[in-house]
Amino acid sequence: MFDYHIHTKYCNHAVGTMEEYVQAAIDKNLSEMGFACHMPFELMPSEVPREEYAMSLHTLNSTYFPEIERLQQKYKHQITIKTGLEIDYCQWIQQPIDEFIDKYSHRLDYILGSVHILKSNDIVWGIDDHRFSHIFNEIGVDVVYQQYINALENLVKSGKYTILAHLDLPKKYGFHPTNRTWYLNRIELLLDLINDNHMGIECSTGGLRKHIGEIYPEEQIIKIAIQKGIPLITSSDAHNPNEVAYNFPELYSYLKRLGLTHLTSYNAKKKSLIEIS
Ligand SMILES: [Zn+2]
Ligand SMILES: [Zn+2]
């Protein structure tokens, strides 16, 4: 079992030292774990409370990378620790993000690509931040989904990201598109685009801890992804050491029931298939 989406206290909205997350992963018998803190807040739009979302560029260089290297050495006989980051796609300010990726990519085993922030008309807002959730009704849930999926398509087409994180994030507070057929058609096209760009997707138990109480992405999307042979990774989106590998035994038997036989492991962006035992 492995968990590729682990935050730390440096994200400023999670608790626990990096070492506590490693010890939790060892206790849960994970063979691999990966840190995926958010990209530095300086790259995020200033209209959102970005200092609560992420660490500074200084912390990334002075603490995040060196601490991962120290823990990789210290625990190398017990667990494989990957270096990742969760990096947003924000089309209207994407150039510095692209430059950041170009500069740091060689240090990363994978990049989780996320869309947490949208610019809808002139409103910049966090779609998974409860302080902005009223905007779903103000703009209209269907419009939010259109803008969100457009952003995901552009993220994938950029070719800069490795794995798409929490693919159906707008469902977090229970908002669903009204036209299910339209939605699944758009998702199918998105999954083809992911395949064409050699990206993977994550199956995250993070959603189980939220209002929606459901894995990201929903079962139908996982089934289509498996049919298309898209690489899958498993994750918890842990923000507390006790959330590492959250509900993983259930997740793994669920994925096996849906027909998954292999997970994908990433080492310096290179994929290898791991059979699920
Ligand atoms: Zn995220
Ligand atoms: Zn996350």
# chains A, B, ... in the order shown; residues from 1 in each chain; ligands from 1
call {"tool": "closest_atom_pairs", "arguments": {"of": "chain A", "to": "ligand 2", "cutoff": "12 Å", "atoms": "only C-alpha atoms and all ligand atoms", "output": "tab-separated table"}}
result
residue	atom	partner	partner_atom_place_in_ligand_line	distance
A:Asp3	CA	ligand 2	1 (Zn)	11.8
A:Tyr4	CA	ligand 2	1 (Zn)	9.9
A:His5	CA	ligand 2	1 (Zn)	6.2
A:Ile6	CA	ligand 2	1 (Zn)	7.0
A:His7	CA	ligand 2	1 (Zn)	6.4
A:Thr8	CA	ligand 2	1 (Zn)	10.0
A:Cys11	CA	ligand 2	1 (Zn)	9.5
A:His13	CA	ligand 2	1 (Zn)	10.4
A:Ala14	CA	ligand 2	1 (Zn)	9.9
A:Gly34	CA	ligand 2	1 (Zn)	11.6
A:Phe35	CA	ligand 2	1 (Zn)	9.8
A:Ala36	CA	ligand 2	1 (Zn)	6.9
A:Cys37	CA	ligand 2	1 (Zn)	6.9
A:His38	CA	ligand 2	1 (Zn)	7.0
A:Met39	CA	ligand 2	1 (Zn)	10.4
A:Tyr53	CA	ligand 2	1 (Zn)	9.7
A:Ala54	CA	ligand 2	1 (Zn)	10.2
A:Gly84	CA	ligand 2	1 (Zn)	11.1
A:Leu85	CA	ligand 2	1 (Zn)	9.1
A:Glu86	CA	ligand 2	1 (Zn)	6.5
A:Ile87	CA	ligand 2	1 (Zn)	9.3
A:Asp88	CA	ligand 2	1 (Zn)	10.2
A:Ile111	CA	ligand 2	1 (Zn)	11.5
A:Leu112	CA	ligand 2	1 (Zn)	8.6
A:Gly113	CA	ligand 2	1 (Zn)	9.9
A:Ser114	CA	ligand 2	1 (Zn)	8.4
A:Val115	CA	ligand 2	1 (Zn)	10.6
A:His116	CA	ligand 2	1 (Zn)	9.6
A:Asp128	CA	ligand 2	1 (Zn)	10.7
A:Leu164	CA	ligand 2	1 (Zn)	11.2
A:Ala165	CA	ligand 2	1 (Zn)	7.8
A:His166	CA	ligand 2	1 (Zn)	8.4
A:Leu167	CA	ligand 2	1 (Zn)	11.8
A:Leu169	CA	ligand 2	1 (Zn)	10.8
A:Glu202	CA	ligand 2	1 (Zn)	11.0
A:Ser204	CA	ligand 2	1 (Zn)	9.6
A:Thr205	CA	ligand 2	1 (Zn)	11.2
A:Gly206	CA	ligand 2	1 (Zn)	8.5
A:Gly207	CA	ligand 2	1 (Zn)	10.9
A:Tyr216	CA	ligand 2	1 (Zn)	11.7
A:Ser235	CA	ligand 2	1 (Zn)	9.4
A:Ser236	CA	ligand 2	1 (Zn)	8.6
A:Asp237	CA	ligand 2	1 (Zn)	4.9
A:Ala238	CA	ligand 2	1 (Zn)	7.4
A:His239	CA	ligand 2	1 (Zn)	7.9
A:Asn240	CA	ligand 2	1 (Zn)	11.6
call {"tool": "write_last_selection", "arguments": {"atoms": "C-alpha atoms", "output": "CSV table (one decimal), in the first residue's frame"}}
result
chain,number,residue,atom,x,y,z
A,3,ASP,CA,0.0,7.0,0.1
A,4,TYR,CA,1.2,9.8,-2.2
A,5,HIS,CA,-0.7,12.8,-0.9
A,6,ILE,CA,0.5,13.8,2.5
A,7,HIS,CA,0.6,17.3,3.9
A,8,THR,CA,2.5,18.6,6.9
A,11,CYS,CA,1.2,23.9,4.8
A,13,HIS,CA,-3.5,24.3,7.8
A,14,ALA,CA,-2.2,20.8,8.7
A,34,GLY,CA,5.0,10.7,-0.6
A,35,PHE,CA,4.9,14.2,0.8
A,36,ALA,CA,2.8,16.6,-1.3
A,37,CYS,CA,2.6,19.9,0.4
A,38,HIS,CA,1.1,22.8,-1.6
A,39,MET,CA,3.3,25.0,-3.8
A,53,TYR,CA,-3.0,27.4,2.3
A,54,ALA,CA,0.7,26.8,1.9
A,84,GLY,CA,6.2,15.5,-4.3
A,85,LEU,CA,4.3,18.7,-4.4
A,86,GLU,CA,0.7,19.6,-4.9
A,87,ILE,CA,0.8,22.4,-7.5
A,88,ASP,CA,-2.2,24.4,-8.5
A,111,ILE,CA,3.6,16.6,-9.2
A,112,LEU,CA,0.0,16.4,-8.1
A,113,GLY,CA,-2.0,18.8,-10.3
A,114,SER,CA,-4.9,20.5,-8.6
A,115,VAL,CA,-7.5,23.1,-9.3
A,116,HIS,CA,-8.5,24.6,-5.9
A,128,ASP,CA,-12.9,23.8,-1.4
A,164,LEU,CA,-4.4,14.7,-11.3
A,165,ALA,CA,-5.5,15.2,-7.7
A,166,HIS,CA,-9.1,14.9,-6.4
A,167,LEU,CA,-10.6,15.0,-9.9
A,169,LEU,CA,-13.4,18.2,-6.0
A,202,GLU,CA,-5.4,9.7,-7.6
A,204,SER,CA,-8.2,9.7,-2.5
A,205,THR,CA,-9.9,8.8,0.7
A,206,GLY,CA,-9.8,12.5,1.7
A,207,GLY,CA,-13.4,12.9,0.5
A,216,TYR,CA,-12.4,11.3,-5.0
A,235,SER,CA,-3.8,8.7,-1.3
A,236,SER,CA,-5.3,10.0,1.9
A,237,ASP,CA,-4.7,13.8,1.5
A,238,ALA,CA,-3.6,13.5,5.2
A,239,HIS,CA,-3.5,16.7,7.2
A,240,ASN,CA,-2.9,15.0,10.5
call {"tool": "residues_around", "arguments": {"residues": "A:Trp125", "least_positions_apart": "3", "cutoff": "10 Å", "atoms": "only C-alpha atoms", "output": "VMD selection string"}}
result
chain A and resid 45 47 to 49 116 to 120 122 128 to 129 131 to 133 135
call {"tool": "write_last_selection", "arguments": {"atoms": "N, CA and C atoms", "output": "PDB file, in the first residue's frame"}}
result
ATOM      1  N   PRO A  45      -2.934  33.231  -6.045  1.00  0.00           N
ATOM      2  CA  PRO A  45      -3.509  34.580  -6.169  1.00  0.00           C
ATOM      3  C   PRO A  45      -3.677  35.232  -4.795  1.00  0.00           C
ATOM      4  N   GLU A  47      -5.927  37.206  -3.792  1.00  0.00           N
ATOM      5  CA  GLU A  47      -7.318  37.423  -3.361  1.00  0.00           C
ATOM      6  C   GLU A  47      -7.798  36.365  -2.371  1.00  0.00           C
ATOM      7  N   VAL A  48      -7.104  35.225  -2.274  1.00  0.00           N
ATOM      8  CA  VAL A  48      -7.504  34.175  -1.334  1.00  0.00           C
ATOM      9  C   VAL A  48      -6.537  34.196  -0.145  1.00  0.00           C
ATOM     10  N   PRO A  49      -6.963  33.644   1.026  1.00  0.00           N
ATOM     11  CA  PRO A  49      -6.071  33.657   2.208  1.00  0.00           C
ATOM     12  C   PRO A  49      -4.929  32.655   2.047  1.00  0.00           C
ATOM     13  N   HIS A 116      -7.804  24.266  -7.151  1.00  0.00           N
ATOM     14  CA  HIS A 116      -8.541  24.643  -5.933  1.00  0.00           C
ATOM     15  C   HIS A 116      -9.142  26.032  -6.074  1.00  0.00           C
ATOM     16  N   ILE A 117      -8.605  26.814  -7.010  1.00  0.00           N
ATOM     17  CA  ILE A 117      -8.962  28.238  -7.075  1.00  0.00           C
ATOM     18  C   ILE A 117      -9.444  28.550  -8.487  1.00  0.00           C
ATOM     19  N   LEU A 118     -10.589  29.179  -8.582  1.00  0.00           N
ATOM     20  CA  LEU A 118     -11.118  29.579  -9.879  1.00  0.00           C
ATOM     21  C   LEU A 118     -11.246  31.089  -9.926  1.00  0.00           C
ATOM     22  N   LYS A 119     -11.218  31.605 -11.162  1.00  0.00           N
ATOM     23  CA  LYS A 119     -11.563  33.013 -11.369  1.00  0.00           C
ATOM     24  C   LYS A 119     -12.847  33.019 -12.171  1.00  0.00           C
ATOM     25  N   SER A 120     -13.942  33.328 -11.490  1.00  0.00           N
ATOM     26  CA  SER A 120     -15.252  33.289 -12.121  1.00  0.00           C
ATOM     27  C   SER A 120     -15.720  34.731 -12.270  1.00  0.00           C
ATOM     28  N   ASP A 122     -15.119  38.136 -12.150  1.00  0.00           N
ATOM     29  CA  ASP A 122     -13.975  38.793 -11.530  1.00  0.00           C
ATOM     30  C   ASP A 122     -13.720  38.300 -10.115  1.00  0.00           C
ATOM     31  N   ASP A 128     -12.807  24.717  -2.560  1.00  0.00           N
ATOM     32  CA  ASP A 128     -12.917  23.775  -1.447  1.00  0.00           C
ATOM     33  C   ASP A 128     -12.740  24.475  -0.101  1.00  0.00           C
ATOM     34  N   ASP A 129     -12.868  25.802  -0.103  1.00  0.00           N
ATOM     35  CA  ASP A 129     -12.763  26.586   1.128  1.00  0.00           C
ATOM     36  C   ASP A 129     -14.181  26.991   1.533  1.00  0.00           C
ATOM     37  N   ARG A 131     -15.386  29.082   3.305  1.00  0.00           N
ATOM     38  CA  ARG A 131     -15.683  30.521   3.361  1.00  0.00           C
ATOM     39  C   ARG A 131     -16.167  31.057   2.014  1.00  0.00           C
ATOM     40  N   PHE A 132     -15.942  30.287   0.941  1.00  0.00           N
ATOM     41  CA  PHE A 132     -16.382  30.710  -0.386  1.00  0.00           C
ATOM     42  C   PHE A 132     -17.553  29.867  -0.910  1.00  0.00           C
ATOM     43  N   SER A 133     -18.048  28.919  -0.115  1.00  0.00           N
ATOM     44  CA  SER A 133     -18.980  27.933  -0.694  1.00  0.00           C
ATOM     45  C   SER A 133     -20.294  28.566  -1.167  1.00  0.00           C
ATOM     46  N   ILE A 135     -20.536  30.836  -3.137  1.00  0.00           N
ATOM     47  CA  ILE A 135     -20.367  31.246  -4.538  1.00  0.00           C
ATOM     48  C   ILE A 135     -20.946  30.198  -5.503  1.00  0.00           C
TER      49      ILE A 135
END
call {"tool": "select_by_dssp", "arguments": {"residues": "stretch 6-97 of chain A", "states": "alpha helix (DSSP H)", "output": "PyMOL selection string"}}
result
chain A and resi 18-27+57-59+65-74+94-97
call {"tool": "select_by_dssp", "arguments": {"residues": "stretch 46-274 of chain A", "states": "strand (DSSP E)", "output": "PyMOL selection string"}}
result
chain A and resi 80-88+110-114+117-120+123-126+163-164+200-204+232-235+262-267+270-274
call {"tool": "closest_residue", "arguments": {"among": "A:Ile222, A:Leu108, A:Val141, A:Ile194", "to": "A:Lys270", "atoms": "only C-alpha atoms"}}
result
A:Leu108
call {"tool": "atom_distance", "arguments": {"atom1": "atom CA of A:Lys172", "atom2": "atom CA of A:Lys210"}}
result
6.6 Å
call {"tool": "closest_residue", "arguments": {"among": "A:Gln72, A:Asn61, A:Gln91, A:Ser31", "to": "A:Leu152", "atoms": "only C-alpha atoms"}}
result
A:Gln91
call {"tool": "residues_around", "arguments": {"residues": "A:Ser277", "least_positions_apart": "3", "cutoff": "10 Å", "atoms": "only C-alpha atoms", "output": "list in words"}}
result
Met1, Tyr252, Ser253, Lys256, Thr261, His262 and Ile274 of chain A
call {"tool": "write_last_selection", "arguments": {"atoms": "N, CA and C atoms", "output": "PDB file, in the first residue's frame"}}
result
ATOM      1  N   MET A   1       0.849  -1.190   0.000  1.00  0.00           N
ATOM      2  CA  MET A   1       0.000   0.000   0.000  1.00  0.00           C
ATOM      3  C   MET A   1       0.888   1.244   0.000  1.00  0.00           C
ATOM      4  N   TYR A 252      -8.421  -0.431  -0.845  1.00  0.00           N
ATOM      5  CA  TYR A 252      -7.768  -1.415  -1.709  1.00  0.00           C
ATOM      6  C   TYR A 252      -8.733  -2.537  -2.097  1.00  0.00           C
ATOM      7  N   SER A 253      -9.559  -2.997  -1.168  1.00  0.00           N
ATOM      8  CA  SER A 253     -10.486  -4.060  -1.588  1.00  0.00           C
ATOM      9  C   SER A 253     -11.551  -3.499  -2.536  1.00  0.00           C
ATOM     10  N   LYS A 256      -9.959  -3.250  -5.989  1.00  0.00           N
ATOM     11  CA  LYS A 256      -9.857  -4.601  -6.571  1.00  0.00           C
ATOM     12  C   LYS A 256     -11.211  -5.073  -7.089  1.00  0.00           C
ATOM     13  N   THR A 261      -5.938  -4.072 -11.049  1.00  0.00           N
ATOM     14  CA  THR A 261      -4.959  -5.105 -10.697  1.00  0.00           C
ATOM     15  C   THR A 261      -3.612  -4.500 -10.309  1.00  0.00           C
ATOM     16  N   HIS A 262      -3.309  -3.281 -10.834  1.00  0.00           N
ATOM     17  CA  HIS A 262      -1.996  -2.680 -10.586  1.00  0.00           C
ATOM     18  C   HIS A 262      -2.124  -1.215 -10.184  1.00  0.00           C
ATOM     19  N   ILE A 274       2.813  -1.744  -9.980  1.00  0.00           N
ATOM     20  CA  ILE A 274       2.925  -2.604  -8.802  1.00  0.00           C
ATOM     21  C   ILE A 274       1.637  -3.390  -8.690  1.00  0.00           C
TER      22      ILE A 274
END
call {"tool": "residues_around", "arguments": {"residues": "A:Gly174", "least_positions_apart": "2", "cutoff": "8 Å", "atoms": "only C-alpha atoms", "output": "list in words"}}
result
Pro170, Lys171, Lys172, His176, His211 and Ile212 of chain A
call {"tool": "residues_around", "arguments": {"residues": "A:Ile233", "least_positions_apart": "6", "cutoff": "7 Å", "atoms": "only C-alpha atoms", "output": "PDB file with C-alpha atoms, in the first residue's frame"}}
result
ATOM      1  CA  ILE A 201      -5.096  10.133 -11.381  1.00  0.00           C
ATOM      2  CA  GLU A 202      -5.359   9.685  -7.637  1.00  0.00           C
ATOM      3  CA  CYS A 203      -7.978   7.731  -5.722  1.00  0.00           C
ATOM      4  CA  LEU A 263      -1.106   0.607  -8.992  1.00  0.00           C
ATOM      5  CA  THR A 264       1.511   2.928 -10.410  1.00  0.00           C
TER       6      THR A 264
END
